[in-house]
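Below you'll find the structure, written out as structure tokens, and then a few comments.
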Amino acid sequence: MFTIEELEAGFKARFGRQPQLFRAPGRVNLIGEHTDYNDGFIMPAALEYETRAAAAARADRILRVHSVSRNETVEFDLDSPNPAPRKDWTDYVFGVAVMLERAGKRLTGADILIVSSVPLGSGLSSSAALEVSIGYSLLALAGLPIDRVELAKLCQKAENEYVGMRCGIMDQFISCNGEHDHALMIDCRSLEKRSVPIDPRAVVVVANSMVHHELASGEYNKRRASCEEGVRLLRPVLGDIKALRDVSPDQLEQHKALLDDVTYRRCRHIVTENDRVVEAAAALEAGDLARCGALMNASHVSMRDDYEITCDEVDKLAEIAWKLPGVFGSRMTGGGFGGCTVSLVEAGAAEAFMAAVKVAYKEATGLDTVIFACSPREGVSALSA
Ligand code: ADP
Ligand code: MG
């Protein structure tokens with residue numbers, strides 16, 4: 001990661017003037033996977049891994065953005081009448097500018113240098129960290145007020161409509177609203193949030209499987225379609241339901257005959273996962289780490305068997321974790337088909353846990369996991385040099 005001084009110096013060397021600095025974090029989701037686009041519950045935390053932007057306004061309406069990760073500089077004219085997505089990383093950047101402008105925010109042109117310590121495509125949401133860092137920078141440079149909920153929604157809209165990934169609100173919302181040392185239990189229908197402190201007796205550990213299967217975004221959109229199909233098929237018997245959020249596990253069981261097996265299992269993951277999130281938040285608040293961990297394990301099994309979004313490597317990582325001493329629970333985190341697991345581990349056992357996972361994962365797969373303990377951070381902000 002660039003230090004703040006390096007970021008500033010890098011910007012000056014490239015663009016020849018003094019920037020303002022901003023940061024937006026990646027995230028880990030403790031529990032509540034694929035529930036966000038079903039109006040359900042999630043419990044993510046913002047990470048210390050973040051995307052940093054050095055930015056300065058221009059007198060015209062051109063955006064010139066350099067990504068250090070991509071080693072590429074791209075330009076965009078805010079006045080271009082019908083901007084077309086380019087089907088690459090620049091869509092995350094310009095999509096946000098387009099959605100801000102469509103929402104009536106009059107932006108200025110800008111030069112922006114982007115660096116990120118969030119690993120790209122690992123399920124820790126480098127995409128939202130990029131979107132939110134760009135959105136916040138553009139609003140700040142234009143001297144416009146920043147509403148964190150609105151910013152999250154506009155960044156999600158950029159990813160949905162400009163990138164073409166039908167993600168829910170989770171990643172953008174937590175990148176905007178994260179809190180130091182806390183996870184947030186979020187109701188994705190009302191967008192109400194509750195701060196849930198991480199129990200000091202436990203450590204949140206993230207392990208990267210180092211694999212990312214290409215089918216991820218196509219399969220993601222298919223899962224979303226299955227959920228919509230479930231709602232459509234259940235509506236005649238359950239009345240005015242808008243999303244799987246409105247269906248209880250009992251109701252689903254009662255009417256399972258209406259659904260084909262795959263749709264039923266997709267729906268079962270969502271309706272049981274919603275209940276697990278509510279219970280896990282209460283367990284964490286009550287200091288019941290064992291219960292919270294058991295719910296995380298059940299979440300993994302549900303993603304593996306019902307939602308079918310895990311893969312051999314992340315299954316292996318979770319199974320390794322489940323057997324180690326001091327582990328309360330472990331599950332895949334993020335959209336799926338690779339990426340990371342999140343584990344809740346007894347504080348005193350965390351170092352030994354991380355060492356043991358590395359060895360066992362290498363033995364099982366030949367891959368070197370990157371594994372780290374996290375301490376949740378606050379959402380997007382300006383950075384002072
Ligand atoms: P995740 O959000 O889990 O990291 P995604 O597939 O949603 O995975 O987003 C990863 C994509 O976001 C990258 O392939 C790239 O297009 C874009 N991206 C994220 N961060 C950067 C960055 N710093 N520079 C350029 N592109 C980035
Ligand atoms: Mg993403």
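Going by the structure tokens order, chains are called A, B, ..., each with residues numbered from 1, while ligands are numbered from 1 in the order shown.
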Practice item. Would you list the contacts of Lys87 (chain A) as an MDAnalysis selection string, taking every protein, DNA or RNA residue within 10 Å and counting only C-alpha atoms, but skipping same-chain residues closer than 2 positions in sequence? Key: chainID A and resid 84:85 89:92 162:164
List all protein, DNA and RNA residues that have any atom at most 9 Å from ligand 2, counting only C-alpha atoms and all ligand atoms, and write the list as a PDB file with N, CA and C atoms, in the first residue's frame.
```
ATOM      1  N   LEU A 120      -8.126  -7.284  -5.441  1.00  0.00           N
ATOM      2  CA  LEU A 120      -9.186  -7.199  -6.459  1.00  0.00           C
ATOM      3  C   LEU A 120      -9.805  -8.566  -6.705  1.00  0.00           C
ATOM      4  N   GLY A 121     -11.125  -8.623  -6.726  1.00  0.00           N
ATOM      5  CA  GLY A 121     -11.824  -9.859  -7.064  1.00  0.00           C
ATOM      6  C   GLY A 121     -11.685 -10.967  -6.044  1.00  0.00           C
ATOM      7  N   SER A 122     -11.516 -10.626  -4.759  1.00  0.00           N
ATOM      8  CA  SER A 122     -11.369 -11.659  -3.723  1.00  0.00           C
ATOM      9  C   SER A 122     -12.548 -11.720  -2.780  1.00  0.00           C
ATOM     10  N   GLY A 123     -13.633 -11.043  -3.139  1.00  0.00           N
ATOM     11  CA  GLY A 123     -14.804 -11.088  -2.271  1.00  0.00           C
ATOM     12  C   GLY A 123     -14.720 -10.134  -1.091  1.00  0.00           C
ATOM     13  N   LEU A 124     -13.743  -9.221  -1.105  1.00  0.00           N
ATOM     14  CA  LEU A 124     -13.643  -8.226  -0.027  1.00  0.00           C
ATOM     15  C   LEU A 124     -14.097  -6.848  -0.520  1.00  0.00           C
ATOM     16  N   SER A 125     -14.678  -6.850  -1.695  1.00  0.00           N
ATOM     17  CA  SER A 125     -15.326  -5.675  -2.253  1.00  0.00           C
ATOM     18  C   SER A 125     -14.399  -4.508  -2.612  1.00  0.00           C
ATOM     19  N   SER A 126     -13.430  -4.829  -3.435  1.00  0.00           N
ATOM     20  CA  SER A 126     -12.616  -3.753  -4.016  1.00  0.00           C
ATOM     21  C   SER A 126     -13.488  -2.888  -4.921  1.00  0.00           C
ATOM     22  N   SER A 127     -14.531  -3.479  -5.507  1.00  0.00           N
ATOM     23  CA  SER A 127     -15.360  -2.701  -6.437  1.00  0.00           C
ATOM     24  C   SER A 127     -16.108  -1.590  -5.702  1.00  0.00           C
ATOM     25  N   ALA A 128     -16.704  -1.917  -4.554  1.00  0.00           N
ATOM     26  CA  ALA A 128     -17.407  -0.869  -3.806  1.00  0.00           C
ATOM     27  C   ALA A 128     -16.424   0.145  -3.240  1.00  0.00           C
ATOM     28  N   ALA A 129     -15.254  -0.310  -2.790  1.00  0.00           N
ATOM     29  CA  ALA A 129     -14.260   0.632  -2.268  1.00  0.00           C
ATOM     30  C   ALA A 129     -13.860   1.619  -3.363  1.00  0.00           C
ATOM     31  N   GLU A 159     -23.112   0.140 -10.194  1.00  0.00           N
ATOM     32  CA  GLU A 159     -22.697  -1.254 -10.398  1.00  0.00           C
ATOM     33  C   GLU A 159     -23.828  -2.049 -11.074  1.00  0.00           C
ATOM     34  N   MET A 165     -23.721  -5.593 -12.983  1.00  0.00           N
ATOM     35  CA  MET A 165     -23.702  -6.576 -11.894  1.00  0.00           C
ATOM     36  C   MET A 165     -24.846  -6.207 -10.953  1.00  0.00           C
ATOM     37  N   CYS A 167     -25.751  -6.431  -7.993  1.00  0.00           N
ATOM     38  CA  CYS A 167     -25.453  -6.612  -6.570  1.00  0.00           C
ATOM     39  C   CYS A 167     -26.490  -5.905  -5.710  1.00  0.00           C
ATOM     40  N   ASP A 171     -22.234  -3.895  -0.056  1.00  0.00           N
ATOM     41  CA  ASP A 171     -20.838  -3.471  -0.137  1.00  0.00           C
ATOM     42  C   ASP A 171     -20.697  -1.953  -0.097  1.00  0.00           C
ATOM     43  N   GLY A 334     -18.799 -13.100   1.143  1.00  0.00           N
ATOM     44  CA  GLY A 334     -18.801 -12.476  -0.191  1.00  0.00           C
ATOM     45  C   GLY A 334     -19.645 -13.260  -1.178  1.00  0.00           C
ATOM     46  N   GLY A 335     -19.640 -12.800  -2.409  1.00  0.00           N
ATOM     47  CA  GLY A 335     -20.557 -13.306  -3.440  1.00  0.00           C
ATOM     48  C   GLY A 335     -20.410 -14.776  -3.771  1.00  0.00           C
TER      49      GLY A 335
END
```
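For the choices A:His300, A:Lys157, A:Arg194, A:His34, the atom-to-atom distance to Ser226 (chain A) is smallest for A:His34 when using only C-alpha atoms.
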Exercise for review: Just give me the gap between CA of Val203 (chain A) and CA of Val345 (chain A) in Å, one decimal is fine.
Suggested key: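 It comes out at 5.2 Å.
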Exercise for review: Could you check which of A:Val271, A:Met354, A:Val380, A:Val68 is closest to ligand 1, using only C-alpha atoms and all ligand atoms?
Suggested key: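 Selected residue with least distance to ligand 1: A:Val68.
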Check your understanding: What gap, in Å, lies between CA of Arg245 (chain A) and CA of Arg331 (chain A)?
Key ->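 These two atoms are separated by 21.8 Å.
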Exercise for review: Kindly indicate which residue among A:Val65, A:Ala352, A:Met99, A:Leu107 lies nearest to Pro145 (chain A), using only C-alpha atoms for the distances.
Suggested key: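 Nearest to Pro145 (chain A): A:Leu107.
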**Study point:** Who sits within 10 Å of Thr73 (chain A), only C-alpha atoms, same chain under 2 positions skipped, as a PyMOL selection string
**Key:** chain A and resi 64-68+70-71+75+90+112-113
File dump, residues just selected, all heavy atoms, as a PDB file, in the first residue's frame:
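Output file result_5.pdb follows:
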```
ATOM      1  N   ARG A  64      -9.967  12.580 -15.402  1.00  0.00           N
ATOM      2  CA  ARG A  64      -8.784  11.838 -15.824  1.00  0.00           C
ATOM      3  C   ARG A  64      -8.365  11.000 -14.628  1.00  0.00           C
ATOM      4  O   ARG A  64      -8.037  11.541 -13.569  1.00  0.00           O
ATOM      5  CB  ARG A  64      -7.677  12.808 -16.244  1.00  0.00           C
ATOM      6  CG  ARG A  64      -6.650  12.197 -17.153  1.00  0.00           C
ATOM      7  CD  ARG A  64      -6.064  13.234 -18.132  1.00  0.00           C
ATOM      8  NE  ARG A  64      -5.660  14.463 -17.477  1.00  0.00           N
ATOM      9  CZ  ARG A  64      -4.396  14.871 -17.326  1.00  0.00           C
ATOM     10  NH1 ARG A  64      -3.404  14.149 -17.787  1.00  0.00           N
ATOM     11  NH2 ARG A  64      -4.136  16.002 -16.722  1.00  0.00           N
ATOM     12  N   VAL A  65      -8.417   9.685 -14.757  1.00  0.00           N
ATOM     13  CA  VAL A  65      -8.226   8.797 -13.612  1.00  0.00           C
ATOM     14  C   VAL A  65      -7.104   7.804 -13.909  1.00  0.00           C
ATOM     15  O   VAL A  65      -7.116   7.147 -14.955  1.00  0.00           O
ATOM     16  CB  VAL A  65      -9.530   8.025 -13.307  1.00  0.00           C
ATOM     17  CG1 VAL A  65      -9.338   7.111 -12.107  1.00  0.00           C
ATOM     18  CG2 VAL A  65     -10.685   9.002 -13.049  1.00  0.00           C
ATOM     19  N   HIS A  66      -6.157   7.728 -12.981  1.00  0.00           N
ATOM     20  CA  HIS A  66      -5.084   6.730 -13.112  1.00  0.00           C
ATOM     21  C   HIS A  66      -5.218   5.712 -11.983  1.00  0.00           C
ATOM     22  O   HIS A  66      -5.263   6.077 -10.812  1.00  0.00           O
ATOM     23  CB  HIS A  66      -3.708   7.393 -13.053  1.00  0.00           C
ATOM     24  CG  HIS A  66      -2.602   6.391 -13.220  1.00  0.00           C
ATOM     25  ND1 HIS A  66      -2.141   5.988 -14.461  1.00  0.00           N
ATOM     26  CD2 HIS A  66      -1.891   5.677 -12.305  1.00  0.00           C
ATOM     27  CE1 HIS A  66      -1.181   5.079 -14.297  1.00  0.00           C
ATOM     28  NE2 HIS A  66      -1.014   4.878 -13.001  1.00  0.00           N
ATOM     29  N   SER A  67      -5.279   4.421 -12.348  1.00  0.00           N
ATOM     30  CA  SER A  67      -5.278   3.353 -11.335  1.00  0.00           C
ATOM     31  C   SER A  67      -3.892   2.733 -11.282  1.00  0.00           C
ATOM     32  O   SER A  67      -3.375   2.247 -12.297  1.00  0.00           O
ATOM     33  CB  SER A  67      -6.295   2.279 -11.698  1.00  0.00           C
ATOM     34  OG  SER A  67      -6.000   1.093 -10.974  1.00  0.00           O
ATOM     35  N   VAL A  68      -3.312   2.753 -10.101  1.00  0.00           N
ATOM     36  CA  VAL A  68      -1.996   2.127  -9.938  1.00  0.00           C
ATOM     37  C   VAL A  68      -2.112   0.609 -10.138  1.00  0.00           C
ATOM     38  O   VAL A  68      -1.256  -0.003 -10.768  1.00  0.00           O
ATOM     39  CB  VAL A  68      -1.406   2.471  -8.546  1.00  0.00           C
ATOM     40  CG1 VAL A  68      -0.137   1.679  -8.277  1.00  0.00           C
ATOM     41  CG2 VAL A  68      -1.148   3.973  -8.451  1.00  0.00           C
ATOM     42  N   ARG A  70      -4.024  -1.026 -12.106  1.00  0.00           N
ATOM     43  CA  ARG A  70      -4.148  -1.341 -13.528  1.00  0.00           C
ATOM     44  C   ARG A  70      -3.041  -0.699 -14.359  1.00  0.00           C
ATOM     45  O   ARG A  70      -2.911  -1.002 -15.543  1.00  0.00           O
ATOM     46  CB  ARG A  70      -5.502  -0.866 -14.065  1.00  0.00           C
ATOM     47  CG  ARG A  70      -6.640  -1.736 -13.625  1.00  0.00           C
ATOM     48  CD  ARG A  70      -6.608  -3.063 -14.395  1.00  0.00           C
ATOM     49  NE  ARG A  70      -7.778  -3.864 -14.105  1.00  0.00           N
ATOM     50  CZ  ARG A  70      -7.781  -4.937 -13.316  1.00  0.00           C
ATOM     51  NH1 ARG A  70      -6.681  -5.341 -12.741  1.00  0.00           N
ATOM     52  NH2 ARG A  70      -8.892  -5.613 -13.112  1.00  0.00           N
ATOM     53  N   ASN A  71      -2.286   0.234 -13.735  1.00  0.00           N
ATOM     54  CA  ASN A  71      -1.245   0.987 -14.437  1.00  0.00           C
ATOM     55  C   ASN A  71      -1.791   1.578 -15.742  1.00  0.00           C
ATOM     56  O   ASN A  71      -1.240   1.393 -16.823  1.00  0.00           O
ATOM     57  CB  ASN A  71      -0.020   0.097 -14.700  1.00  0.00           C
ATOM     58  CG  ASN A  71       1.158   0.921 -15.211  1.00  0.00           C
ATOM     59  OD1 ASN A  71       1.239   2.118 -14.938  1.00  0.00           O
ATOM     60  ND2 ASN A  71       2.052   0.296 -15.974  1.00  0.00           N
ATOM     61  N   GLU A  75      -9.722   8.605 -19.573  1.00  0.00           N
ATOM     62  CA  GLU A  75     -10.411   9.893 -19.560  1.00  0.00           C
ATOM     63  C   GLU A  75     -11.889   9.722 -19.839  1.00  0.00           C
ATOM     64  O   GLU A  75     -12.307   8.784 -20.527  1.00  0.00           O
ATOM     65  CB  GLU A  75      -9.827  10.801 -20.653  1.00  0.00           C
ATOM     66  CG  GLU A  75      -8.542  11.435 -20.213  1.00  0.00           C
ATOM     67  CD  GLU A  75      -8.170  12.656 -21.046  1.00  0.00           C
ATOM     68  OE1 GLU A  75      -9.034  13.169 -21.803  1.00  0.00           O
ATOM     69  OE2 GLU A  75      -7.011  13.079 -20.922  1.00  0.00           O
ATOM     70  N   THR A  90     -12.987   0.704 -15.778  1.00  0.00           N
ATOM     71  CA  THR A  90     -13.363   2.119 -15.808  1.00  0.00           C
ATOM     72  C   THR A  90     -14.874   2.298 -15.626  1.00  0.00           C
ATOM     73  O   THR A  90     -15.319   3.377 -15.230  1.00  0.00           O
ATOM     74  CB  THR A  90     -12.924   2.766 -17.138  1.00  0.00           C
ATOM     75  OG1 THR A  90     -13.647   2.139 -18.222  1.00  0.00           O
ATOM     76  CG2 THR A  90     -11.440   2.593 -17.380  1.00  0.00           C
ATOM     77  N   ILE A 112      -7.588  12.258 -10.870  1.00  0.00           N
ATOM     78  CA  ILE A 112      -7.667  11.362  -9.701  1.00  0.00           C
ATOM     79  C   ILE A 112      -6.641  10.234  -9.840  1.00  0.00           C
ATOM     80  O   ILE A 112      -6.520   9.616 -10.901  1.00  0.00           O
ATOM     81  CB  ILE A 112      -9.083  10.742  -9.562  1.00  0.00           C
ATOM     82  CG1 ILE A 112     -10.160  11.837  -9.493  1.00  0.00           C
ATOM     83  CG2 ILE A 112      -9.142   9.846  -8.332  1.00  0.00           C
ATOM     84  CD1 ILE A 112     -11.591  11.309  -9.357  1.00  0.00           C
ATOM     85  N   LEU A 113      -5.921  10.006  -8.766  1.00  0.00           N
ATOM     86  CA  LEU A 113      -5.000   8.861  -8.696  1.00  0.00           C
ATOM     87  C   LEU A 113      -5.555   7.884  -7.663  1.00  0.00           C
ATOM     88  O   LEU A 113      -5.871   8.283  -6.538  1.00  0.00           O
ATOM     89  CB  LEU A 113      -3.603   9.345  -8.274  1.00  0.00           C
ATOM     90  CG  LEU A 113      -2.537   8.269  -8.093  1.00  0.00           C
ATOM     91  CD1 LEU A 113      -2.189   7.619  -9.436  1.00  0.00           C
ATOM     92  CD2 LEU A 113      -1.283   8.855  -7.461  1.00  0.00           C
TER      93      LEU A 113
END
```
**Study point:** Nearest residue to ligand 1 from the set A:Glu179, A:Asp60, A:Asp77, A:Glu214 (distances using only C-alpha atoms and all ligand atoms)
**Key:**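 With only C-alpha atoms and all ligand atoms as the atom set, the closest residue is A:Glu214.
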Arg189 (chain A) environment, 9 Å, only C-alpha atoms, sequence neighbours closer than 4 positions dropped, as a PDB file with N, CA, C and O atoms, in the first residue's frame:
```
ATOM      1  N   ASP A  36     -29.048  -9.384   0.951  1.00  0.00           N
ATOM      2  CA  ASP A  36     -29.272  -7.930   0.773  1.00  0.00           C
ATOM      3  C   ASP A  36     -30.261  -7.643  -0.356  1.00  0.00           C
ATOM      4  O   ASP A  36     -31.172  -6.830  -0.205  1.00  0.00           O
ATOM      5  N   TYR A  37     -30.141  -8.361  -1.473  1.00  0.00           N
ATOM      6  CA  TYR A  37     -31.063  -8.074  -2.578  1.00  0.00           C
ATOM      7  C   TYR A  37     -32.413  -8.764  -2.394  1.00  0.00           C
ATOM      8  O   TYR A  37     -33.271  -8.710  -3.263  1.00  0.00           O
ATOM      9  N   ASN A  38     -32.589  -9.416  -1.240  1.00  0.00           N
ATOM     10  CA  ASN A  38     -33.899  -9.971  -0.893  1.00  0.00           C
ATOM     11  C   ASN A  38     -34.545  -9.168   0.234  1.00  0.00           C
ATOM     12  O   ASN A  38     -35.395  -9.674   0.958  1.00  0.00           O
ATOM     13  N   ASP A  39     -34.097  -7.912   0.391  1.00  0.00           N
ATOM     14  CA  ASP A  39     -34.623  -7.015   1.432  1.00  0.00           C
ATOM     15  C   ASP A  39     -34.354  -7.538   2.835  1.00  0.00           C
ATOM     16  O   ASP A  39     -35.062  -7.196   3.776  1.00  0.00           O
ATOM     17  N   GLY A  40     -33.344  -8.391   2.984  1.00  0.00           N
ATOM     18  CA  GLY A  40     -33.113  -9.076   4.258  1.00  0.00           C
ATOM     19  C   GLY A  40     -32.065  -8.410   5.134  1.00  0.00           C
ATOM     20  O   GLY A  40     -31.841  -7.198   5.068  1.00  0.00           O
ATOM     21  N   PHE A  41     -31.390  -9.265   5.952  1.00  0.00           N
ATOM     22  CA  PHE A  41     -30.448  -8.766   6.956  1.00  0.00           C
ATOM     23  C   PHE A  41     -29.013  -9.190   6.619  1.00  0.00           C
ATOM     24  O   PHE A  41     -28.796 -10.273   6.072  1.00  0.00           O
ATOM     25  N   ARG A 245     -37.653 -11.699   2.056  1.00  0.00           N
ATOM     26  CA  ARG A 245     -37.706 -11.149   3.403  1.00  0.00           C
ATOM     27  C   ARG A 245     -39.080 -11.360   4.048  1.00  0.00           C
ATOM     28  O   ARG A 245     -39.204 -11.498   5.258  1.00  0.00           O
TER      29      ARG A 245
END
```
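The interatomic distance for the pair CA of Val206 (chain A) and CA of Thr341 (chain A) works out to 5.7 Å.
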**Study point:** Residue list (strand (DSSP E or B), DSSP) for region 103-290 of chain A, as a VMD selection string
**Key:** chain A and resid 110 to 116 179 182 to 187 193 to 197 202 to 212
Check your understanding: Got a sec: who's within 8 Å of Glu273 (chain A), counting only C-alpha atoms, leaving out chain neighbours fewer than 5 positions off, as a PyMOL selection string?
Key -> chain A and resi 32-33+35+299+302
Can I get the selection written as a CSV table (one decimal), in the first residue's frame, with N, CA, C and O atoms?
```csv
chain,number,residue,atom,x,y,z
A,32,GLY,N,-24.9,-13.4,6.6
A,32,GLY,CA,-26.0,-12.7,5.8
A,32,GLY,C,-25.5,-12.6,4.4
A,32,GLY,O,-25.3,-11.6,3.8
A,33,GLU,N,-25.5,-13.8,3.7
A,33,GLU,CA,-24.9,-13.8,2.3
A,33,GLU,C,-26.1,-13.9,1.3
A,33,GLU,O,-26.9,-14.7,1.4
A,35,THR,N,-28.5,-12.0,1.0
A,35,THR,CA,-29.8,-11.6,1.6
A,35,THR,C,-30.1,-10.1,1.3
A,35,THR,O,-31.2,-9.7,1.4
A,299,SER,N,-24.5,-21.2,8.2
A,299,SER,CA,-24.5,-20.3,7.0
A,299,SER,C,-23.7,-20.9,5.9
A,299,SER,O,-24.1,-21.0,4.7
A,302,SER,N,-25.4,-23.9,4.3
A,302,SER,CA,-26.5,-23.5,3.5
A,302,SER,C,-26.0,-22.9,2.2
A,302,SER,O,-26.6,-23.2,1.1
```
Exercise for review: Counting only C-alpha atoms, figure out which residue out of A:Ile134, A:Ala202, A:Gly16, A:Leu234 gets nearest to Cys374 (chain A).
Suggested key: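 Using only C-alpha atoms, Cys374 (chain A) sits closest to A:Ala202.
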Check your understanding: Skipping near chain neighbours, those fewer than 6 positions away, what residues fall within 9 Å of Leu154 (chain A) using only C-alpha atoms, listed as an MDAnalysis selection string?
Key -> chainID A and resid 96 99:100 103 135 172
Practice item. Point out the residue among A:Cys340, A:Ala298, A:Ile146, A:Ile31 with the least atom-to-atom distance to ligand 1, counting only C-alpha atoms and all ligand atoms. Key: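 Using only C-alpha atoms and all ligand atoms, ligand 1 sits closest to A:Cys340.
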Practice item. For Ala257 (chain A), work out the shell of residues within 12 Å, counting only C-alpha atoms and skipping chain neighbours fewer than 4 positions away, then give it as a list of chain:residue names. Key: A:Gly230, A:Leu233, A:Leu234, A:Val237, A:Gln251, A:Leu252, A:Glu253, A:Asp261, A:Val262, A:Thr263, A:Tyr264, A:Arg265
Could you write out the selected residues, including N, CA and C atoms, as an mmCIF file, in the first residue's frame?
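File result.cif, as written:
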```cif
data_model
loop_
_atom_site.group_PDB
_atom_site.id
_atom_site.type_symbol
_atom_site.label_atom_id
_atom_site.label_comp_id
_atom_site.auth_asym_id
_atom_site.auth_seq_id
_atom_site.Cartn_x
_atom_site.Cartn_y
_atom_site.Cartn_z
ATOM 1 N N GLY A 230 -39.033 -17.420 -6.889
ATOM 2 C CA GLY A 230 -39.638 -17.926 -5.650
ATOM 3 C C GLY A 230 -40.736 -16.994 -5.152
ATOM 4 N N LEU A 233 -43.815 -17.299 -7.360
ATOM 5 C CA LEU A 233 -44.583 -18.531 -7.167
ATOM 6 C C LEU A 233 -45.293 -18.579 -5.814
ATOM 7 N N LEU A 234 -44.746 -17.885 -4.828
ATOM 8 C CA LEU A 234 -45.339 -17.926 -3.480
ATOM 9 C C LEU A 234 -46.415 -16.860 -3.277
ATOM 10 N N VAL A 237 -50.173 -17.658 -2.740
ATOM 11 C CA VAL A 237 -50.629 -18.238 -1.469
ATOM 12 C C VAL A 237 -50.271 -17.365 -0.265
ATOM 13 N N GLN A 251 -43.322 -20.909 6.469
ATOM 14 C CA GLN A 251 -44.177 -20.684 5.291
ATOM 15 C C GLN A 251 -43.590 -21.366 4.062
ATOM 16 N N LEU A 252 -42.273 -21.267 3.928
ATOM 17 C CA LEU A 252 -41.637 -21.899 2.763
ATOM 18 C C LEU A 252 -41.868 -23.412 2.799
ATOM 19 N N GLU A 253 -41.679 -24.011 3.974
ATOM 20 C CA GLU A 253 -41.895 -25.469 4.093
ATOM 21 C C GLU A 253 -43.325 -25.846 3.720
ATOM 22 N N ASP A 261 -37.305 -28.058 -7.237
ATOM 23 C CA ASP A 261 -36.305 -28.317 -6.194
ATOM 24 C C ASP A 261 -35.238 -27.230 -6.108
ATOM 25 N N VAL A 262 -34.733 -26.788 -7.257
ATOM 26 C CA VAL A 262 -33.654 -25.790 -7.217
ATOM 27 C C VAL A 262 -34.169 -24.473 -6.634
ATOM 28 N N THR A 263 -35.309 -24.011 -7.121
ATOM 29 C CA THR A 263 -35.858 -22.747 -6.611
ATOM 30 C C THR A 263 -36.133 -22.860 -5.107
ATOM 31 N N TYR A 264 -36.652 -24.011 -4.698
ATOM 32 C CA TYR A 264 -36.924 -24.226 -3.266
ATOM 33 C C TYR A 264 -35.647 -24.100 -2.436
ATOM 34 N N ARG A 265 -34.591 -24.737 -2.897
ATOM 35 C CA ARG A 265 -33.344 -24.696 -2.116
ATOM 36 C C ARG A 265 -32.727 -23.297 -2.106
#
```
